Amino acid sequence: MSSRGQVFHAALALATVLTTAGCDIVQGFQNAGDALFPPQKTYLETPGFRLAEGSFYRLNVGIGDELYLLARSADETVPALYAMRYLDPKPCRIEGVGRYWSTGLPSEHPSQILFLEGDLRRGTLHFADAHCNVHDFVIEDAELPMQETELGLLLFAGTSLVLVKPVSKDVRTIASGVQALYMNGPGAHFLLVGGKLEAYDVATWSYIGSVGENVVGAPRTVGGSFVFQDDTGVNRVSASGVIGMQRLTVESIDEEGCRLGWVSGGSVLSYYSPCADSTLALWEASTNKTTRPDYVADPVYFAVERDPEADTTSPKLDQDYFYYSLRDLTGDGGGTLVVRTPSGDEHVLGTGARLDQTNFDNDGEYGLALLDVAGEAGRLVRWDREGTTETLATGVFYGSSDLLVNWNGVVGDRARLTDEGELEILLERVPRRDHEYQDITRRWQATFDDSDGITGTLSIDSSGSRTFANRRVIARNVRHPRHQFLDVVLPGIAYIANYDPMHDTGRLEYNNLELGFRGVVSDGVADFIPAGNGILYTIPFGDARGVWLARAQ
């Protein structure tokens with residue numbers, strides 16, 4: 001669970017304490033940690049009670065001096081946002097809210113809402129609070145925040161990186177003319193400004209120092225350092241020390257180096273050296289040594305991988321590694337894949353390849369490669385040391401950490417490779433995200449398959465097997481992705497089934513996995529949020545329309 005999610009559940013649990021006991025707000029926040037994990041509940045009190053009446057959906061929350069609920073209206077076509085206190089939900093309306101951000105940290109003020117008009121990702125950034133007071137304060141040419149800290153909201157305004165405190169209208173400019181941002185680099189945040197890499201403390205965003213002269217391209221993280229190219233060649237930098245006393249350490253790697261390329265295994269960097277001769281060079285962070293193999297390749301389209309069968313504790317880059325390179329580039333990140341084995345044999349495996357999807361099996365038996373990539377899918381092949389290829393799957397989705405095959409643009413089949421290198425289908429017709437996940441205790445695993453991209457079948461597997469062979473169906477016709485474990489609420493899972501596509505609503509149900517029974521919360525539900533004390537949900541149509549709370553008992 002994310003830190004924001006933990007704060008949210010703690011705040012919801014706190015709101016219940018305040019509602020039932022009239023607890024002081026300060027004392028309540030001190031006890032929020034205890035409220036985060038209340039005694040185990042077994043069922044939900046249904047249909048619950050209505051917190052606020054209205055055609056609400058797209059439920060969200062904001063946190064400040066207390067908990068606030070945020071929602072849209074299903075009756076309106078003009079962009080607007082409704083906000084209400086959780087303890088006394090009397091909705092108010094903020095006009096013109098398109099994309100927005102709500103603060104999620106406890107404070108002395110109402111939750112702050114930053115918004116853009118329409119569907120813009122950058123434009124005039126407006127500020128309001130959860131009492132629907134719109135501040136006479138805007139920032140032009142801005143984006144929504146990327147991070148919230150005690151220092152303020154981190155966002156871009158033009159080419160300036162700023163920290164904003166909406167209540168006091170304080171805008172602290174960290175740097176102007178920012179060309180690139182590299183968050184959480186080695187020991188610091190790094191900004192590319194005016195051709196220099198500027199380092200800032202990760203906690204306070206205070207300036208540490210700058211390095212580089214006319215930095216070219218993006219730095220590479222290699223062996224705990226940032227490696228960059230500038231007028232002096234290839235160098236590395238890292239930040240160390242306690243807050244307020246940090247310093248930068250800079251070291252030259254190669255004065256003749258240029259064109260930083262692939263980082264293999266997190267510790268081997270490829271580049272040209274000498275640059276004028278376009279000679280391939282490989283630098284190992286662990287040894288701080290450079291090797292120039294007898295091989296011609298563009299470092300940006302080149303990678304190495306240690307041979308699993310190399311019988312040595314000190315492998316040599318020019319003897320004990322596979323070389324992968326792309327030639328005849330297609331302009332979309334792909335090209336013809338060429339493999340050179342440690343024995344020196346070179347094999348052309350195919351066209352339309354992606355370098356980041358090429359590797360050798362950990363046991364040294366075979367390699368894998370993604371070829372013929374067109375759009376978002378390609379062909380998965382198995383190859384051996386002799387260069388023989390065999391197609392394992394087509395329609396392989398490119399860009400997922402899971403192996404999805406037979407991808408049709410909406411759904412595909414979740415698969416895995418067996419120890420023998422064979423393809424095994426685990427789940428059929430799954431969406432690209434949230435088709436498999438675990439509860440917080442890792443006792444249960446949810447799967448979502450047999451989907452058309454909108455609805456599908458929700459199942460539970462408690463066997464611990466990664467093959468999902470023992471899953472049992474919980475519900476069908478479940479709206480995706482409106483299903484999730486309840487975790488801190490009770491040991492079970494909630495979902496919206498019996499889906500009505502005309503109104504985009506369905507029946508909110510929950511399944512207590514510990515006790516093995518199913519409960520119905522309500523029909524006509526658009527969305528829901530697990531709360532520390534139950535489930536918040538919205539019903540946008542009919543006599544029961546409004547925001548509801550079903551408490552856990």
# chains A, B, ... in the order shown; residues from 1 in each chain; ligands from 1
$ residues_around --residues "Val296 (chain A)" --least-positions-apart "3" --cutoff "9 Å" --atoms "only C-alpha atoms" --output "PDB file with N, CA, C and O atoms, in the first residue's frame"
ATOM      1  N   SER A 278      34.705   6.312 -33.271  1.00  0.00           N
ATOM      2  CA  SER A 278      33.510   5.491 -33.029  1.00  0.00           C
ATOM      3  C   SER A 278      33.880   4.080 -32.590  1.00  0.00           C
ATOM      4  O   SER A 278      33.333   3.083 -33.061  1.00  0.00           O
ATOM      5  N   THR A 279      34.841   4.013 -31.684  1.00  0.00           N
ATOM      6  CA  THR A 279      35.285   2.726 -31.151  1.00  0.00           C
ATOM      7  C   THR A 279      34.433   2.351 -29.944  1.00  0.00           C
ATOM      8  O   THR A 279      34.295   3.130 -28.997  1.00  0.00           O
ATOM      9  N   LEU A 280      33.859   1.166 -29.953  1.00  0.00           N
ATOM     10  CA  LEU A 280      33.015   0.712 -28.853  1.00  0.00           C
ATOM     11  C   LEU A 280      33.856   0.481 -27.603  1.00  0.00           C
ATOM     12  O   LEU A 280      34.901  -0.175 -27.653  1.00  0.00           O
ATOM     13  N   PRO A 293      36.312  -3.945 -26.884  1.00  0.00           N
ATOM     14  CA  PRO A 293      36.266  -5.237 -27.591  1.00  0.00           C
ATOM     15  C   PRO A 293      36.424  -5.039 -29.092  1.00  0.00           C
ATOM     16  O   PRO A 293      36.165  -3.966 -29.628  1.00  0.00           O
TER      17      PRO A 293
END
$ select_by_dssp --residues "region 204-405 of chain A" --states "strand (DSSP E)" --output "PyMOL selection string"
chain A and resi 207-211+216-222+225-230+233-240+247-254+263-264+268-272+280-284+289-291+302-306+321-327+335-340+346-360+367-374+377-383+389-397+403-405
$ residues_around --residues "Gly546 (chain A)" --least-positions-apart "3" --cutoff "10 Å" --atoms "only C-alpha atoms" --output "list of chain:residue names"
A:Phe49, A:Arg50, A:Leu51, A:Ala52, A:Glu53, A:Gly54, A:Ser55, A:Phe56, A:Tyr57, A:Ser73, A:Val525, A:Tyr537, A:Thr538, A:Ile539, A:Pro540, A:Phe541, A:Gly542, A:Asp543
$ write_last_selection --atoms "N, CA and C atoms" --output "PDB file, in the first residue's frame"
ATOM      1  N   PHE A  49     -25.501   3.744   5.306  1.00  0.00           N
ATOM      2  CA  PHE A  49     -26.292   4.965   5.428  1.00  0.00           C
ATOM      3  C   PHE A  49     -25.736   6.019   4.485  1.00  0.00           C
ATOM      4  N   ARG A  50     -26.633   6.874   4.047  1.00  0.00           N
ATOM      5  CA  ARG A  50     -26.275   7.875   3.049  1.00  0.00           C
ATOM      6  C   ARG A  50     -25.628   9.073   3.735  1.00  0.00           C
ATOM      7  N   LEU A  51     -24.423   9.387   3.291  1.00  0.00           N
ATOM      8  CA  LEU A  51     -23.720  10.553   3.813  1.00  0.00           C
ATOM      9  C   LEU A  51     -24.197  11.844   3.156  1.00  0.00           C
ATOM     10  N   ALA A  52     -24.439  11.781   1.849  1.00  0.00           N
ATOM     11  CA  ALA A  52     -24.867  12.977   1.111  1.00  0.00           C
ATOM     12  C   ALA A  52     -25.720  12.543  -0.067  1.00  0.00           C
ATOM     13  N   GLU A  53     -26.734  13.317  -0.374  1.00  0.00           N
ATOM     14  CA  GLU A  53     -27.619  13.018  -1.478  1.00  0.00           C
ATOM     15  C   GLU A  53     -27.166  13.742  -2.730  1.00  0.00           C
ATOM     16  N   GLY A  54     -27.188  13.067  -3.881  1.00  0.00           N
ATOM     17  CA  GLY A  54     -26.796  13.676  -5.147  1.00  0.00           C
ATOM     18  C   GLY A  54     -26.343  12.621  -6.138  1.00  0.00           C
ATOM     19  N   SER A  55     -26.240  13.030  -7.390  1.00  0.00           N
ATOM     20  CA  SER A  55     -25.858  12.094  -8.461  1.00  0.00           C
ATOM     21  C   SER A  55     -24.342  11.979  -8.564  1.00  0.00           C
ATOM     22  N   PHE A  56     -23.729  11.485  -7.509  1.00  0.00           N
ATOM     23  CA  PHE A  56     -22.273  11.491  -7.432  1.00  0.00           C
ATOM     24  C   PHE A  56     -21.659  10.195  -7.961  1.00  0.00           C
ATOM     25  N   TYR A  57     -20.447  10.349  -8.540  1.00  0.00           N
ATOM     26  CA  TYR A  57     -19.619   9.216  -8.934  1.00  0.00           C
ATOM     27  C   TYR A  57     -18.188   9.712  -9.043  1.00  0.00           C
ATOM     28  N   SER A  73     -20.492  14.839 -10.735  1.00  0.00           N
ATOM     29  CA  SER A  73     -21.935  14.636 -10.832  1.00  0.00           C
ATOM     30  C   SER A  73     -22.266  13.984 -12.173  1.00  0.00           C
ATOM     31  N   VAL A 525     -24.390   0.873  -8.041  1.00  0.00           N
ATOM     32  CA  VAL A 525     -23.165   1.510  -7.533  1.00  0.00           C
ATOM     33  C   VAL A 525     -22.224   1.808  -8.688  1.00  0.00           C
ATOM     34  N   TYR A 537     -19.141   4.366  -1.049  1.00  0.00           N
ATOM     35  CA  TYR A 537     -19.545   4.079  -2.422  1.00  0.00           C
ATOM     36  C   TYR A 537     -20.541   5.126  -2.908  1.00  0.00           C
ATOM     37  N   THR A 538     -20.684   5.212  -4.228  1.00  0.00           N
ATOM     38  CA  THR A 538     -21.592   6.192  -4.823  1.00  0.00           C
ATOM     39  C   THR A 538     -22.680   5.493  -5.629  1.00  0.00           C
ATOM     40  N   ILE A 539     -23.885   6.054  -5.544  1.00  0.00           N
ATOM     41  CA  ILE A 539     -25.024   5.635  -6.371  1.00  0.00           C
ATOM     42  C   ILE A 539     -25.481   6.888  -7.121  1.00  0.00           C
ATOM     43  N   PRO A 540     -25.239   6.975  -8.422  1.00  0.00           N
ATOM     44  CA  PRO A 540     -25.519   8.223  -9.138  1.00  0.00           C
ATOM     45  C   PRO A 540     -26.960   8.393  -9.609  1.00  0.00           C
ATOM     46  N   PHE A 541     -27.764   7.323  -9.624  1.00  0.00           N
ATOM     47  CA  PHE A 541     -29.103   7.416 -10.203  1.00  0.00           C
ATOM     48  C   PHE A 541     -30.141   6.816  -9.257  1.00  0.00           C
ATOM     49  N   GLY A 542     -31.392   7.263  -9.438  1.00  0.00           N
ATOM     50  CA  GLY A 542     -32.507   6.685  -8.687  1.00  0.00           C
ATOM     51  C   GLY A 542     -32.728   7.344  -7.346  1.00  0.00           C
ATOM     52  N   ASP A 543     -33.672   6.780  -6.592  1.00  0.00           N
ATOM     53  CA  ASP A 543     -34.039   7.349  -5.298  1.00  0.00           C
ATOM     54  C   ASP A 543     -32.904   7.262  -4.285  1.00  0.00           C
TER      55      ASP A 543
END
$ decode --residues "region 251-266 of chain A" --atoms "all heavy atoms" --output "PDB file, in the first residue's frame"
ATOM      1  N   GLU A 251      34.291  12.205 -10.751  1.00  0.00           N
ATOM      2  CA  GLU A 251      35.460  11.470 -11.215  1.00  0.00           C
ATOM      3  C   GLU A 251      35.380  11.301 -12.724  1.00  0.00           C
ATOM      4  O   GLU A 251      34.328  10.979 -13.269  1.00  0.00           O
ATOM      5  CB  GLU A 251      35.512  10.102 -10.536  1.00  0.00           C
ATOM      6  CG  GLU A 251      36.676   9.235 -10.977  1.00  0.00           C
ATOM      7  CD  GLU A 251      36.640   7.863 -10.339  1.00  0.00           C
ATOM      8  OE1 GLU A 251      35.763   7.629  -9.485  1.00  0.00           O
ATOM      9  OE2 GLU A 251      37.459   7.010 -10.726  1.00  0.00           O
ATOM     10  N   SER A 252      36.490  11.508 -13.388  1.00  0.00           N
ATOM     11  CA  SER A 252      36.554  11.300 -14.829  1.00  0.00           C
ATOM     12  C   SER A 252      36.677   9.816 -15.132  1.00  0.00           C
ATOM     13  O   SER A 252      37.490   9.102 -14.544  1.00  0.00           O
ATOM     14  CB  SER A 252      37.748  12.047 -15.416  1.00  0.00           C
ATOM     15  OG  SER A 252      37.908  11.733 -16.788  1.00  0.00           O
ATOM     16  N   ILE A 253      35.841   9.338 -16.055  1.00  0.00           N
ATOM     17  CA  ILE A 253      35.910   7.953 -16.495  1.00  0.00           C
ATOM     18  C   ILE A 253      36.725   7.832 -17.775  1.00  0.00           C
ATOM     19  O   ILE A 253      37.591   6.967 -17.902  1.00  0.00           O
ATOM     20  CB  ILE A 253      34.490   7.393 -16.715  1.00  0.00           C
ATOM     21  CG1 ILE A 253      33.776   7.260 -15.376  1.00  0.00           C
ATOM     22  CG2 ILE A 253      34.538   6.045 -17.433  1.00  0.00           C
ATOM     23  CD1 ILE A 253      32.342   6.784 -15.496  1.00  0.00           C
ATOM     24  N   ASP A 254      36.452   8.727 -18.726  1.00  0.00           N
ATOM     25  CA  ASP A 254      37.135   8.641 -20.012  1.00  0.00           C
ATOM     26  C   ASP A 254      37.072  10.006 -20.695  1.00  0.00           C
ATOM     27  O   ASP A 254      35.997  10.464 -21.081  1.00  0.00           O
ATOM     28  CB  ASP A 254      36.482   7.573 -20.883  1.00  0.00           C
ATOM     29  CG  ASP A 254      37.331   7.168 -22.080  1.00  0.00           C
ATOM     30  OD1 ASP A 254      38.033   8.051 -22.629  1.00  0.00           O
ATOM     31  OD2 ASP A 254      37.282   5.985 -22.466  1.00  0.00           O
ATOM     32  N   GLU A 255      38.204  10.648 -20.849  1.00  0.00           N
ATOM     33  CA  GLU A 255      38.249  11.973 -21.469  1.00  0.00           C
ATOM     34  C   GLU A 255      37.931  11.922 -22.956  1.00  0.00           C
ATOM     35  O   GLU A 255      37.584  12.944 -23.556  1.00  0.00           O
ATOM     36  CB  GLU A 255      39.627  12.613 -21.256  1.00  0.00           C
ATOM     37  CG  GLU A 255      39.937  12.915 -19.797  1.00  0.00           C
ATOM     38  CD  GLU A 255      41.303  13.545 -19.628  1.00  0.00           C
ATOM     39  OE1 GLU A 255      42.047  13.637 -20.648  1.00  0.00           O
ATOM     40  OE2 GLU A 255      41.652  13.949 -18.493  1.00  0.00           O
ATOM     41  N   GLU A 256      38.048  10.740 -23.559  1.00  0.00           N
ATOM     42  CA  GLU A 256      37.780  10.608 -24.989  1.00  0.00           C
ATOM     43  C   GLU A 256      36.412   9.983 -25.271  1.00  0.00           C
ATOM     44  O   GLU A 256      36.102   9.654 -26.402  1.00  0.00           O
ATOM     45  CB  GLU A 256      38.867   9.748 -25.647  1.00  0.00           C
ATOM     46  CG  GLU A 256      40.263  10.349 -25.570  1.00  0.00           C
ATOM     47  CD  GLU A 256      41.272   9.485 -26.301  1.00  0.00           C
ATOM     48  OE1 GLU A 256      41.506   8.342 -25.847  1.00  0.00           O
ATOM     49  OE2 GLU A 256      41.793   9.941 -27.344  1.00  0.00           O
ATOM     50  N   GLY A 257      35.593   9.814 -24.234  1.00  0.00           N
ATOM     51  CA  GLY A 257      34.332   9.106 -24.387  1.00  0.00           C
ATOM     52  C   GLY A 257      33.183   9.989 -24.839  1.00  0.00           C
ATOM     53  O   GLY A 257      33.155  11.197 -24.581  1.00  0.00           O
ATOM     54  N   CYS A 258      32.204   9.371 -25.497  1.00  0.00           N
ATOM     55  CA  CYS A 258      30.983  10.067 -25.907  1.00  0.00           C
ATOM     56  C   CYS A 258      29.898   9.047 -26.227  1.00  0.00           C
ATOM     57  O   CYS A 258      30.154   7.841 -26.236  1.00  0.00           O
ATOM     58  CB  CYS A 258      31.224  10.969 -27.115  1.00  0.00           C
ATOM     59  SG  CYS A 258      31.497  10.066 -28.669  1.00  0.00           S
ATOM     60  N   ARG A 259      28.708   9.530 -26.508  1.00  0.00           N
ATOM     61  CA  ARG A 259      27.541   8.728 -26.915  1.00  0.00           C
ATOM     62  C   ARG A 259      27.271   7.594 -25.930  1.00  0.00           C
ATOM     63  O   ARG A 259      27.413   6.408 -26.240  1.00  0.00           O
ATOM     64  CB  ARG A 259      27.690   8.184 -28.326  1.00  0.00           C
ATOM     65  CG  ARG A 259      26.370   7.640 -28.914  1.00  0.00           C
ATOM     66  CD  ARG A 259      26.409   7.473 -30.403  1.00  0.00           C
ATOM     67  NE  ARG A 259      25.230   6.832 -30.945  1.00  0.00           N
ATOM     68  CZ  ARG A 259      24.031   7.394 -31.125  1.00  0.00           C
ATOM     69  NH1 ARG A 259      23.855   8.673 -30.782  1.00  0.00           N
ATOM     70  NH2 ARG A 259      23.020   6.725 -31.642  1.00  0.00           N
ATOM     71  N   LEU A 260      26.814   8.000 -24.728  1.00  0.00           N
ATOM     72  CA  LEU A 260      26.474   7.010 -23.712  1.00  0.00           C
ATOM     73  C   LEU A 260      25.338   6.125 -24.213  1.00  0.00           C
ATOM     74  O   LEU A 260      24.362   6.603 -24.783  1.00  0.00           O
ATOM     75  CB  LEU A 260      26.057   7.699 -22.415  1.00  0.00           C
ATOM     76  CG  LEU A 260      27.090   8.614 -21.755  1.00  0.00           C
ATOM     77  CD1 LEU A 260      26.552   9.154 -20.446  1.00  0.00           C
ATOM     78  CD2 LEU A 260      28.400   7.878 -21.535  1.00  0.00           C
ATOM     79  N   GLY A 261      25.493   4.834 -23.973  1.00  0.00           N
ATOM     80  CA  GLY A 261      24.493   3.898 -24.467  1.00  0.00           C
ATOM     81  C   GLY A 261      23.870   3.079 -23.380  1.00  0.00           C
ATOM     82  O   GLY A 261      23.510   3.570 -22.315  1.00  0.00           O
ATOM     83  N   TRP A 262      23.769   1.801 -23.643  1.00  0.00           N
ATOM     84  CA  TRP A 262      23.039   0.876 -22.798  1.00  0.00           C
ATOM     85  C   TRP A 262      23.797   0.580 -21.506  1.00  0.00           C
ATOM     86  O   TRP A 262      25.018   0.471 -21.488  1.00  0.00           O
ATOM     87  CB  TRP A 262      22.834  -0.423 -23.563  1.00  0.00           C
ATOM     88  CG  TRP A 262      21.686  -1.247 -23.091  1.00  0.00           C
ATOM     89  CD1 TRP A 262      21.725  -2.207 -22.129  1.00  0.00           C
ATOM     90  CD2 TRP A 262      20.347  -1.205 -23.557  1.00  0.00           C
ATOM     91  NE1 TRP A 262      20.483  -2.776 -21.977  1.00  0.00           N
ATOM     92  CE2 TRP A 262      19.615  -2.180 -22.840  1.00  0.00           C
ATOM     93  CE3 TRP A 262      19.685  -0.438 -24.523  1.00  0.00           C
ATOM     94  CZ2 TRP A 262      18.263  -2.404 -23.053  1.00  0.00           C
ATOM     95  CZ3 TRP A 262      18.338  -0.667 -24.736  1.00  0.00           C
ATOM     96  CH2 TRP A 262      17.639  -1.632 -24.005  1.00  0.00           C
ATOM     97  N   VAL A 263      23.052   0.446 -20.401  1.00  0.00           N
ATOM     98  CA  VAL A 263      23.616  -0.041 -19.146  1.00  0.00           C
ATOM     99  C   VAL A 263      23.159  -1.482 -18.969  1.00  0.00           C
ATOM    100  O   VAL A 263      21.960  -1.749 -18.847  1.00  0.00           O
ATOM    101  CB  VAL A 263      23.179   0.813 -17.944  1.00  0.00           C
ATOM    102  CG1 VAL A 263      23.747   0.225 -16.652  1.00  0.00           C
ATOM    103  CG2 VAL A 263      23.632   2.252 -18.118  1.00  0.00           C
ATOM    104  N   SER A 264      24.081  -2.413 -18.975  1.00  0.00           N
ATOM    105  CA  SER A 264      23.752  -3.840 -18.888  1.00  0.00           C
ATOM    106  C   SER A 264      23.986  -4.343 -17.470  1.00  0.00           C
ATOM    107  O   SER A 264      25.057  -4.132 -16.898  1.00  0.00           O
ATOM    108  CB  SER A 264      24.609  -4.646 -19.864  1.00  0.00           C
ATOM    109  OG  SER A 264      24.427  -4.185 -21.194  1.00  0.00           O
ATOM    110  N   GLY A 265      22.950  -4.990 -16.919  1.00  0.00           N
ATOM    111  CA  GLY A 265      23.084  -5.570 -15.585  1.00  0.00           C
ATOM    112  C   GLY A 265      23.299  -4.561 -14.493  1.00  0.00           C
ATOM    113  O   GLY A 265      23.725  -4.925 -13.392  1.00  0.00           O
ATOM    114  N   GLY A 266      23.058  -3.296 -14.768  1.00  0.00           N
ATOM    115  CA  GLY A 266      23.210  -2.256 -13.756  1.00  0.00           C
ATOM    116  C   GLY A 266      24.635  -1.838 -13.486  1.00  0.00           C
ATOM    117  O   GLY A 266      24.885  -0.953 -12.663  1.00  0.00           O
TER     118      GLY A 266
END
